[in-house]
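**Q** File name target_34.cif; file contents mmCIF, C-alpha atoms; full text below.
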```cif
data_upload
#
loop_
_atom_site.label_atom_id
_atom_site.label_comp_id
_atom_site.auth_asym_id
_atom_site.auth_seq_id
_atom_site.Cartn_x
_atom_site.Cartn_y
_atom_site.Cartn_z
CA MET A 1 -140.90 -21.12 197.17
CA PHE A 2 -142.49 -18.16 198.96
CA GLU A 3 -143.25 -20.46 201.91
CA GLU A 4 -146.01 -22.37 200.11
CA SER A 5 -146.34 -26.12 200.23
CA ASN A 6 -145.79 -27.51 196.75
CA PRO A 7 -144.24 -30.53 195.00
CA LEU A 8 -140.88 -28.76 194.67
CA ASN A 9 -140.58 -28.16 198.41
CA SER A 10 -141.61 -31.74 199.12
CA TYR A 11 -139.01 -33.03 196.67
CA LEU A 12 -136.28 -30.80 198.15
CA GLU A 13 -137.05 -32.04 201.65
CA ASP A 14 -137.14 -35.66 200.50
CA THR A 15 -133.68 -35.39 198.93
CA THR A 16 -131.86 -33.62 201.75
CA ASP A 17 -130.73 -34.92 205.14
CA GLU A 18 -133.40 -35.68 207.71
CA GLU A 19 -134.13 -33.42 210.64
CA ASN A 20 -132.75 -34.83 213.87
CA SER A 21 -135.17 -35.68 216.68
CA LEU A 22 -134.74 -32.35 218.46
CA LEU A 23 -135.44 -30.32 215.33
CA LYS A 24 -138.53 -32.43 214.68
CA LYS A 25 -139.65 -31.67 218.23
CA VAL A 26 -139.08 -27.91 217.81
CA ASN A 27 -140.94 -28.00 214.48
CA ARG A 28 -143.88 -29.93 215.90
CA GLU A 29 -144.23 -27.85 219.07
CA THR A 30 -143.92 -24.59 217.15
CA TYR A 31 -146.90 -25.54 215.00
CA LEU A 32 -148.85 -26.64 218.07
CA LYS A 33 -148.12 -23.67 220.31
CA GLU A 34 -147.33 -20.60 218.17
CA THR A 35 -149.80 -18.32 216.40
CA MET A 36 -147.38 -17.67 213.51
CA PRO A 37 -145.56 -21.00 213.07
CA HIS A 38 -144.66 -20.13 209.46
CA MET A 39 -141.88 -17.97 210.92
CA LEU A 40 -139.97 -21.20 211.59
CA SER A 41 -137.12 -21.80 209.13
CA GLY A 42 -138.23 -25.38 208.59
CA HIS A 43 -136.58 -28.53 207.30
CA TYR A 44 -135.10 -27.49 203.95
CA GLN A 45 -134.00 -23.98 204.89
CA GLY A 46 -132.63 -25.39 208.11
CA ARG A 47 -130.39 -27.73 206.11
CA VAL A 48 -129.28 -24.79 203.96
CA LEU A 49 -128.34 -22.81 207.08
CA SER A 50 -126.52 -25.82 208.50
CA MET A 51 -124.58 -26.33 205.26
CA ILE A 52 -123.52 -22.68 205.07
CA SER A 53 -122.46 -22.71 208.71
CA LYS A 54 -120.40 -25.86 208.17
CA MET A 55 -118.69 -24.21 205.20
CA VAL A 56 -117.87 -21.09 207.22
CA HIS A 57 -117.06 -23.07 210.39
CA PRO A 58 -117.55 -19.96 212.54
CA ARG A 59 -115.75 -19.22 215.75
CA LEU A 60 -118.16 -16.37 216.47
CA ALA A 61 -121.66 -16.22 214.97
CA LEU A 62 -124.67 -13.98 215.51
CA GLU A 63 -128.38 -14.53 214.93
CA ILE A 64 -130.87 -11.68 215.18
CA GLY A 65 -134.33 -13.16 215.69
CA THR A 66 -134.38 -16.50 217.55
CA PHE A 67 -138.12 -17.27 217.42
CA THR A 68 -138.34 -20.88 218.68
CA GLY A 69 -134.69 -21.72 218.05
CA TYR A 70 -134.92 -23.97 215.00
CA ALA A 71 -132.53 -21.94 212.84
CA THR A 72 -130.28 -21.39 215.87
CA LEU A 73 -129.78 -25.12 216.30
CA CYS A 74 -129.09 -25.52 212.58
CA LEU A 75 -126.49 -22.74 212.57
CA ALA A 76 -124.84 -24.19 215.68
CA GLU A 77 -124.06 -27.40 213.78
CA GLY A 78 -121.19 -25.67 211.97
CA LEU A 79 -119.52 -24.00 214.94
CA GLU A 80 -115.87 -24.63 215.74
CA ASP A 81 -115.36 -26.77 218.83
CA GLU A 82 -114.77 -23.60 220.86
CA GLY A 83 -117.15 -21.52 218.76
CA VAL A 84 -120.01 -19.44 220.14
CA LEU A 85 -123.35 -18.46 218.61
CA HIS A 86 -125.12 -15.43 220.09
CA SER A 87 -128.86 -15.38 219.38
CA ILE A 88 -131.03 -12.36 220.18
CA ASP A 89 -134.80 -12.16 220.48
CA ILE A 90 -137.22 -9.62 221.95
CA ASN A 91 -139.90 -12.11 223.07
CA GLU A 92 -139.64 -13.03 226.75
CA GLU A 93 -142.67 -15.32 226.63
CA GLN A 94 -140.82 -17.97 224.65
CA GLN A 95 -137.60 -17.78 226.63
CA GLU A 96 -138.06 -20.75 228.97
CA ARG A 97 -139.19 -23.17 226.24
CA VAL A 98 -136.54 -22.06 223.71
CA GLN A 99 -133.78 -22.27 226.31
CA SER A 100 -134.91 -25.81 227.10
CA TYR A 101 -134.36 -26.76 223.45
CA PHE A 102 -130.84 -25.34 223.56
CA ASP A 103 -130.12 -27.14 226.85
CA GLU A 104 -131.25 -30.39 225.24
CA SER A 105 -128.88 -29.96 222.28
CA PRO A 106 -125.17 -30.83 221.98
CA TYR A 107 -124.51 -27.08 221.68
CA ALA A 108 -125.89 -26.01 225.07
CA SER A 109 -122.61 -24.41 226.17
CA GLN A 110 -122.04 -22.73 222.79
CA ILE A 111 -125.38 -20.96 222.31
CA LYS A 112 -125.70 -17.67 224.18
CA TYR A 113 -129.36 -16.67 224.19
CA HIS A 114 -130.14 -12.99 224.76
CA ILE A 115 -133.57 -11.48 225.41
CA GLY A 116 -133.75 -7.79 224.53
CA ASP A 117 -133.56 -5.20 221.79
CA ALA A 118 -130.91 -6.32 219.30
CA ALA A 119 -129.76 -2.72 218.81
CA GLU A 120 -128.86 -2.63 222.51
CA VAL A 121 -127.52 -6.18 222.82
CA ILE A 122 -125.18 -6.20 219.80
CA PRO A 123 -122.73 -3.59 221.22
CA SER A 124 -122.32 -5.75 224.34
CA ILE A 125 -121.02 -8.70 222.29
CA GLU A 126 -117.29 -8.47 221.70
CA GLY A 127 -115.37 -9.83 218.76
CA THR A 128 -115.41 -10.17 214.98
CA PHE A 129 -118.18 -12.24 213.46
CA ASP A 130 -117.63 -15.02 210.94
CA LEU A 131 -121.34 -15.57 210.27
CA VAL A 132 -124.42 -13.39 210.83
CA PHE A 133 -128.06 -14.37 210.25
CA ILE A 134 -130.58 -11.50 210.23
CA ASP A 135 -134.15 -12.70 210.65
CA ALA A 136 -135.96 -10.12 212.77
CA ASP A 137 -138.08 -6.98 212.32
CA LYS A 138 -137.76 -6.18 208.62
CA LYS A 139 -137.80 -2.40 208.96
CA ARG A 140 -134.45 -2.53 210.76
CA ASN A 141 -132.68 -5.01 208.48
CA LEU A 142 -130.64 -2.32 206.76
CA TYR A 143 -129.71 -0.86 210.15
CA TYR A 144 -128.48 -4.27 211.30
CA PHE A 145 -126.47 -4.75 208.11
CA ASN A 146 -124.83 -1.33 208.36
CA THR A 147 -124.13 -1.85 212.06
CA LEU A 148 -122.52 -5.23 211.56
CA ILE A 149 -120.69 -5.05 208.22
CA ASP A 150 -117.56 -3.57 209.81
CA ARG A 151 -117.65 -6.25 212.51
CA VAL A 152 -117.65 -9.15 210.04
CA ARG A 153 -114.29 -10.55 208.98
CA SER A 154 -113.14 -10.48 205.38
CA GLY A 155 -114.69 -13.52 203.73
CA GLY A 156 -117.37 -13.70 206.41
CA ILE A 157 -121.02 -14.31 205.57
CA ILE A 158 -124.14 -12.27 206.30
CA LEU A 159 -127.52 -13.90 205.65
CA VAL A 160 -130.77 -11.90 205.47
CA ASP A 161 -134.06 -13.78 205.46
CA ASN A 162 -137.47 -13.00 203.90
CA VAL A 163 -136.12 -10.84 201.06
CA LEU A 164 -138.71 -12.02 198.52
CA TRP A 165 -141.51 -11.23 200.97
CA LYS A 166 -143.97 -13.90 199.75
CA GLY A 167 -143.49 -12.66 196.19
CA LYS A 168 -144.77 -9.18 197.03
CA VAL A 169 -141.51 -7.64 195.81
CA PHE A 170 -142.97 -8.09 192.31
CA ASP A 171 -146.13 -6.07 193.06
CA GLU A 172 -146.70 -3.03 190.86
CA ASN A 173 -147.99 -1.04 193.84
CA PRO A 174 -146.18 -2.46 196.88
CA ASP A 175 -147.34 -1.61 200.39
CA LYS A 176 -145.04 0.22 202.80
CA GLN A 177 -143.50 -2.90 204.35
CA THR A 178 -142.88 -4.47 200.95
CA GLN A 179 -141.29 -1.24 199.75
CA GLN A 180 -138.86 -1.43 202.68
CA VAL A 181 -137.85 -4.94 201.59
CA ILE A 182 -137.42 -3.76 197.98
CA GLU A 183 -135.25 -0.84 199.10
CA LEU A 184 -133.16 -3.16 201.27
CA ASN A 185 -132.57 -5.51 198.34
CA GLN A 186 -131.63 -2.65 196.03
CA THR A 187 -129.22 -1.21 198.59
CA LEU A 188 -127.54 -4.56 199.20
CA ALA A 189 -127.32 -5.25 195.46
CA GLU A 190 -125.41 -1.98 194.99
CA ASP A 191 -123.10 -2.38 197.99
CA LYS A 192 -119.52 -2.85 196.74
CA ARG A 193 -118.27 -4.23 200.06
CA VAL A 194 -119.97 -7.57 199.51
CA GLU A 195 -120.49 -10.28 196.92
CA LYS A 196 -124.13 -11.22 196.90
CA LEU A 197 -126.93 -13.42 195.61
CA ILE A 198 -130.48 -14.30 196.61
CA LEU A 199 -131.37 -17.95 197.07
CA PRO A 200 -135.07 -18.29 196.12
CA ILE A 201 -135.87 -20.79 198.85
CA ARG A 202 -138.94 -20.35 201.05
CA ASP A 203 -139.29 -16.57 201.43
CA GLY A 204 -135.91 -15.68 199.90
CA LEU A 205 -132.48 -15.77 201.55
CA PHE A 206 -129.92 -13.05 200.71
CA VAL A 207 -126.37 -14.42 200.97
CA LEU A 208 -123.66 -11.77 201.25
CA ARG A 209 -119.93 -12.46 201.47
CA LYS A 210 -117.71 -9.65 202.70
CA LYS A 211 -114.94 -8.95 200.22
CA GLN A 212 -111.31 -9.16 201.22
CA CYS A 213 -110.11 -5.87 202.66
#
```
Give the structure from the file, written as structure tokens.
**A**
Amino acid sequence: MFEESNPLNSYLEDTTDEENSLLKKVNRETYLKETMPHMLSGHYQGRVLSMISKMVHPRLALEIGTFTGYATLCLAEGLEDEGVLHSIDINEEQQERVQSYFDESPYASQIKYHIGDAAEVIPSIEGTFDLVFIDADKKRNLYYFNTLIDRVRSGGIILVDNVLWKGKVFDENPDKQTQQVIELNQTLAEDKRVEKLILPIRDGLFVLRKKQC
């Protein structure tokens, strides 16, 4: 919990399905080549994302914040046969390596990888989303939610990562960034358009299900 290595995390990983060889490769190379490898979803959260995606079985999915593509590959596991996952990231430096991971996967034709500002890319993607995963710059999380809620189908799922913010949401005097996370959580908790709960895995995953219209 809160991204720390502890016996609980080890036990959870030991009792869930193994990472496939490609995910192990992405995990290993992320820790070798990236300055902030902890941003990777990792084994257990990856299996959670895969399970949710398989339950939703999305025809159209969106990920905001690709990083090195680990979560992208996990989310792609649940796509319909003709389903598409759009993943957006701002970092051009990782593009070639991350695209190579996607090309190596069984989902190469189903993952559409965009480099750019998500606020500019999202309007260019047509359709109604079945599943959305928000894992990007935290100060814009509420903007992304408000932008996308009307584009998610009834019964569709929105996931927001890092909502426990390494436990800082419990601080008596939170810093500005932590306060933004707290305000996001309060706003989502009060939103009547969605059913919601936080899964206290890693850094906290908010699961929101859009109510039937």
**Q** If the PyMOL selection byres ((chain A and resi 16-26) around 9) is run on the structure shown, which residues does it catch, given as a list in words?
**A**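 With the PyMOL selection byres ((chain A and resi 16-26) around 9) on this model, the match is Tyr11, Leu12, Glu13, Asp14, Thr15, Asn27, Arg28, Glu29, Thr30, Tyr31, Gly42, His43, Tyr44, Gly46, Arg47, Thr68, Gly69, Tyr70, Leu73, Cys74, Val98, Tyr101, Glu104 and Ser105 of chain A.
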**Q** Can you measure atom CA of Asp89 of chain A to atom CA of Pro174 of chain A for me? One decimal in Å is fine.
**A**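 For atom CA of Asp89 of chain A relative to atom CA of Pro174 of chain A, the distance reads 27.9 Å.
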**Q** How many Å lie between atom CA of Glu120 of chain A and atom CA of Glu195 of chain A, rounded to one decimal?
**A**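 Atom-to-atom, atom CA of Glu120 of chain A to atom CA of Glu195 of chain A, that is 28.0 Å.
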**Q** Just the residues within 12 Å of Glu183 of chain A, please, counting only C-alpha atoms, with nothing from its chain fewer than 2 positions along; format it as a ChimeraX atom specification.
**A** /A:138-142,163-164,169,174,176-181,185-190
**Q** Pick from A:Glu126, A:Asp135, A:Glu34, A:Glu172: nearest to Ser87 of chain A, with all atoms listed in the file counted?
**A**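 The shortest atom-to-atom distance to Ser87 of chain A comes from A:Asp135.
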**Q** Pull the closest atom pair for each residue of segment 41-88 of chain A that gets at most 10 Å from segment 205-212 of chain A, along with the distance in Å to one decimal, counting all atoms listed in the file, ordering rows by chain and then ascending residue number, as JSON lines.
**A**
```
{"residue": "A:Gln45", "atom": "CA", "partner": "A:Leu205", "partner_atom": "CA", "distance": 9.0}
{"residue": "A:Val48", "atom": "CA", "partner": "A:Leu205", "partner_atom": "CA", "distance": 9.9}
{"residue": "A:Leu49", "atom": "CA", "partner": "A:Leu205", "partner_atom": "CA", "distance": 9.9}
{"residue": "A:Ile52", "atom": "CA", "partner": "A:Val207", "partner_atom": "CA", "distance": 9.7}
```
**Q** Record the distance separating atom CA of Phe102 of chain A and atom CA of Ile88 of chain A, expressed in Å with one decimal.
**A**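 Computing the Euclidean distance for atom CA of Phe102 of chain A and atom CA of Ile88 of chain A yields 13.4 Å.
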**Q** Go through A:His86, A:Lys168, A:Arg97, A:Lys33 and flag the residue nearest Val121 of chain A, using all atoms listed in the file for the distances.
**A** A:His86
**Q** With the PyMOL selection byres ((chain A and resi 95) around 10) as the selection, what would be picked from this file? Answer as a list in words, please.
**A**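 What the PyMOL selection byres ((chain A and resi 95) around 10) grabs from the file is Thr66, Phe67, Thr68, Gly69, Asp89, Ile90, Asn91, Glu92, Glu93, Gln94, Glu96, Arg97, Val98, Gln99, Ser100, Tyr113, His114 and Ile115 of chain A.
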**Q** Could you check which of A:Asn173, A:Ser10, A:Ala108, A:Arg153 is closest to Thr128 of chain A, using all atoms listed in the file?
**A**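 Using all atoms listed in the file, the shortest distance to Thr128 of chain A belongs to A:Arg153.
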**Q** Would you kindly translate the PyMOL selection byres ((chain A and resi 131) around 10) into the concrete residues it picks from this file, as a list of chain:residue names?
**A** A:Ile52, A:Ser53, A:Val56, A:His57, A:Pro58, A:Arg59, A:Leu60, A:Ala61, A:Leu62, A:Glu63, A:Leu75, A:Leu79, A:Leu85, A:Thr128, A:Phe129, A:Asp130, A:Val132, A:Phe133, A:Val152, A:Arg153, A:Gly155, A:Gly156, A:Ile157, A:Ile158, A:Leu159, A:Arg209
**Q** Point out the residue among A:Phe145, A:Thr35, A:Cys213, A:Pro106 with the least atom-to-atom distance to Ile122 of chain A, counting all atoms listed in the file.
**A**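 Checking each candidate against Ile122 of chain A, we get A:Phe145 as the closest.
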**Q** Can you fill out segment 86-115 of chain A with N, CA and C atoms and hand it back as a PDB file, keeping the file's coordinate frame?
**A**
```
ATOM      1  N   HIS A  86    -124.250 -16.323 219.328  1.00  0.00           N
ATOM      2  CA  HIS A  86    -125.120 -15.430 220.090  1.00  0.00           C
ATOM      3  C   HIS A  86    -126.431 -15.277 219.332  1.00  0.00           C
ATOM      4  N   SER A  87    -127.540 -15.521 220.001  1.00  0.00           N
ATOM      5  CA  SER A  87    -128.860 -15.380 219.380  1.00  0.00           C
ATOM      6  C   SER A  87    -129.697 -14.410 220.196  1.00  0.00           C
ATOM      7  N   ILE A  88    -130.310 -13.450 219.507  1.00  0.00           N
ATOM      8  CA  ILE A  88    -131.030 -12.360 220.180  1.00  0.00           C
ATOM      9  C   ILE A  88    -132.492 -12.380 219.773  1.00  0.00           C
ATOM     10  N   ASP A  89    -133.375 -12.270 220.765  1.00  0.00           N
ATOM     11  CA  ASP A  89    -134.800 -12.160 220.480  1.00  0.00           C
ATOM     12  C   ASP A  89    -135.449 -11.235 221.502  1.00  0.00           C
ATOM     13  N   ILE A  90    -136.543 -10.595 221.100  1.00  0.00           N
ATOM     14  CA  ILE A  90    -137.220  -9.620 221.950  1.00  0.00           C
ATOM     15  C   ILE A  90    -138.309 -10.256 222.801  1.00  0.00           C
ATOM     16  N   ASN A  91    -138.718 -11.492 222.466  1.00  0.00           N
ATOM     17  CA  ASN A  91    -139.900 -12.110 223.070  1.00  0.00           C
ATOM     18  C   ASN A  91    -139.551 -12.904 224.329  1.00  0.00           C
ATOM     19  N   GLU A  92    -139.906 -12.364 225.478  1.00  0.00           N
ATOM     20  CA  GLU A  92    -139.640 -13.030 226.750  1.00  0.00           C
ATOM     21  C   GLU A  92    -140.530 -14.252 226.968  1.00  0.00           C
ATOM     22  N   GLU A  93    -141.707 -14.254 226.373  1.00  0.00           N
ATOM     23  CA  GLU A  93    -142.670 -15.320 226.630  1.00  0.00           C
ATOM     24  C   GLU A  93    -142.172 -16.684 226.177  1.00  0.00           C
ATOM     25  N   GLN A  94    -141.321 -16.701 225.172  1.00  0.00           N
ATOM     26  CA  GLN A  94    -140.820 -17.970 224.650  1.00  0.00           C
ATOM     27  C   GLN A  94    -139.510 -18.421 225.309  1.00  0.00           C
ATOM     28  N   GLN A  95    -138.965 -17.579 226.157  1.00  0.00           N
ATOM     29  CA  GLN A  95    -137.600 -17.780 226.630  1.00  0.00           C
ATOM     30  C   GLN A  95    -137.393 -19.144 227.296  1.00  0.00           C
ATOM     31  N   GLU A  96    -138.266 -19.511 228.214  1.00  0.00           N
ATOM     32  CA  GLU A  96    -138.060 -20.750 228.970  1.00  0.00           C
ATOM     33  C   GLU A  96    -138.090 -21.967 228.043  1.00  0.00           C
ATOM     34  N   ARG A  97    -139.073 -22.017 227.142  1.00  0.00           N
ATOM     35  CA  ARG A  97    -139.190 -23.170 226.240  1.00  0.00           C
ATOM     36  C   ARG A  97    -138.022 -23.229 225.266  1.00  0.00           C
ATOM     37  N   VAL A  98    -137.644 -22.077 224.688  1.00  0.00           N
ATOM     38  CA  VAL A  98    -136.540 -22.060 223.710  1.00  0.00           C
ATOM     39  C   VAL A  98    -135.229 -22.434 224.388  1.00  0.00           C
ATOM     40  N   GLN A  99    -134.999 -21.915 225.590  1.00  0.00           N
ATOM     41  CA  GLN A  99    -133.780 -22.270 226.310  1.00  0.00           C
ATOM     42  C   GLN A  99    -133.724 -23.768 226.592  1.00  0.00           C
ATOM     43  N   SER A 100    -134.890 -24.368 226.843  1.00  0.00           N
ATOM     44  CA  SER A 100    -134.910 -25.810 227.100  1.00  0.00           C
ATOM     45  C   SER A 100    -134.474 -26.606 225.867  1.00  0.00           C
ATOM     46  N   TYR A 101    -134.814 -26.113 224.674  1.00  0.00           N
ATOM     47  CA  TYR A 101    -134.360 -26.760 223.450  1.00  0.00           C
ATOM     48  C   TYR A 101    -132.835 -26.684 223.356  1.00  0.00           C
ATOM     49  N   PHE A 102    -132.295 -25.515 223.632  1.00  0.00           N
ATOM     50  CA  PHE A 102    -130.840 -25.340 223.560  1.00  0.00           C
ATOM     51  C   PHE A 102    -130.140 -26.241 224.584  1.00  0.00           C
ATOM     52  N   ASP A 103    -130.717 -26.313 225.785  1.00  0.00           N
ATOM     53  CA  ASP A 103    -130.120 -27.140 226.850  1.00  0.00           C
ATOM     54  C   ASP A 103    -130.143 -28.619 226.476  1.00  0.00           C
ATOM     55  N   GLU A 104    -131.106 -28.998 225.659  1.00  0.00           N
ATOM     56  CA  GLU A 104    -131.250 -30.390 225.240  1.00  0.00           C
ATOM     57  C   GLU A 104    -130.292 -30.755 224.104  1.00  0.00           C
ATOM     58  N   SER A 105    -129.721 -29.749 223.456  1.00  0.00           N
ATOM     59  CA  SER A 105    -128.880 -29.960 222.280  1.00  0.00           C
ATOM     60  C   SER A 105    -127.421 -30.205 222.665  1.00  0.00           C
ATOM     61  N   PRO A 106    -126.604 -30.680 221.718  1.00  0.00           N
ATOM     62  CA  PRO A 106    -125.170 -30.830 221.980  1.00  0.00           C
ATOM     63  C   PRO A 106    -124.434 -29.487 222.071  1.00  0.00           C
ATOM     64  N   TYR A 107    -125.138 -28.395 221.767  1.00  0.00           N
ATOM     65  CA  TYR A 107    -124.510 -27.080 221.680  1.00  0.00           C
ATOM     66  C   TYR A 107    -124.899 -26.168 222.852  1.00  0.00           C
ATOM     67  N   ALA A 108    -125.367 -26.782 223.939  1.00  0.00           N
ATOM     68  CA  ALA A 108    -125.890 -26.010 225.070  1.00  0.00           C
ATOM     69  C   ALA A 108    -124.893 -24.972 225.585  1.00  0.00           C
ATOM     70  N   SER A 109    -123.618 -25.338 225.634  1.00  0.00           N
ATOM     71  CA  SER A 109    -122.610 -24.410 226.170  1.00  0.00           C
ATOM     72  C   SER A 109    -122.141 -23.396 225.133  1.00  0.00           C
ATOM     73  N   GLN A 110    -122.524 -23.597 223.870  1.00  0.00           N
ATOM     74  CA  GLN A 110    -122.040 -22.730 222.790  1.00  0.00           C
ATOM     75  C   GLN A 110    -123.065 -21.702 222.328  1.00  0.00           C
ATOM     76  N   ILE A 111    -124.323 -21.900 222.702  1.00  0.00           N
ATOM     77  CA  ILE A 111    -125.380 -20.960 222.310  1.00  0.00           C
ATOM     78  C   ILE A 111    -125.631 -19.993 223.458  1.00  0.00           C
ATOM     79  N   LYS A 112    -125.436 -18.724 223.205  1.00  0.00           N
ATOM     80  CA  LYS A 112    -125.700 -17.670 224.180  1.00  0.00           C
ATOM     81  C   LYS A 112    -126.977 -16.947 223.762  1.00  0.00           C
ATOM     82  N   TYR A 113    -128.018 -17.140 224.532  1.00  0.00           N
ATOM     83  CA  TYR A 113    -129.360 -16.670 224.190  1.00  0.00           C
ATOM     84  C   TYR A 113    -129.651 -15.372 224.930  1.00  0.00           C
ATOM     85  N   HIS A 114    -129.896 -14.312 224.172  1.00  0.00           N
ATOM     86  CA  HIS A 114    -130.140 -12.990 224.760  1.00  0.00           C
ATOM     87  C   HIS A 114    -131.590 -12.579 224.515  1.00  0.00           C
ATOM     88  N   ILE A 115    -132.241 -12.063 225.546  1.00  0.00           N
ATOM     89  CA  ILE A 115    -133.570 -11.480 225.410  1.00  0.00           C
ATOM     90  C   ILE A 115    -133.430  -9.964 225.528  1.00  0.00           C
TER      91      ILE A 115
END
```
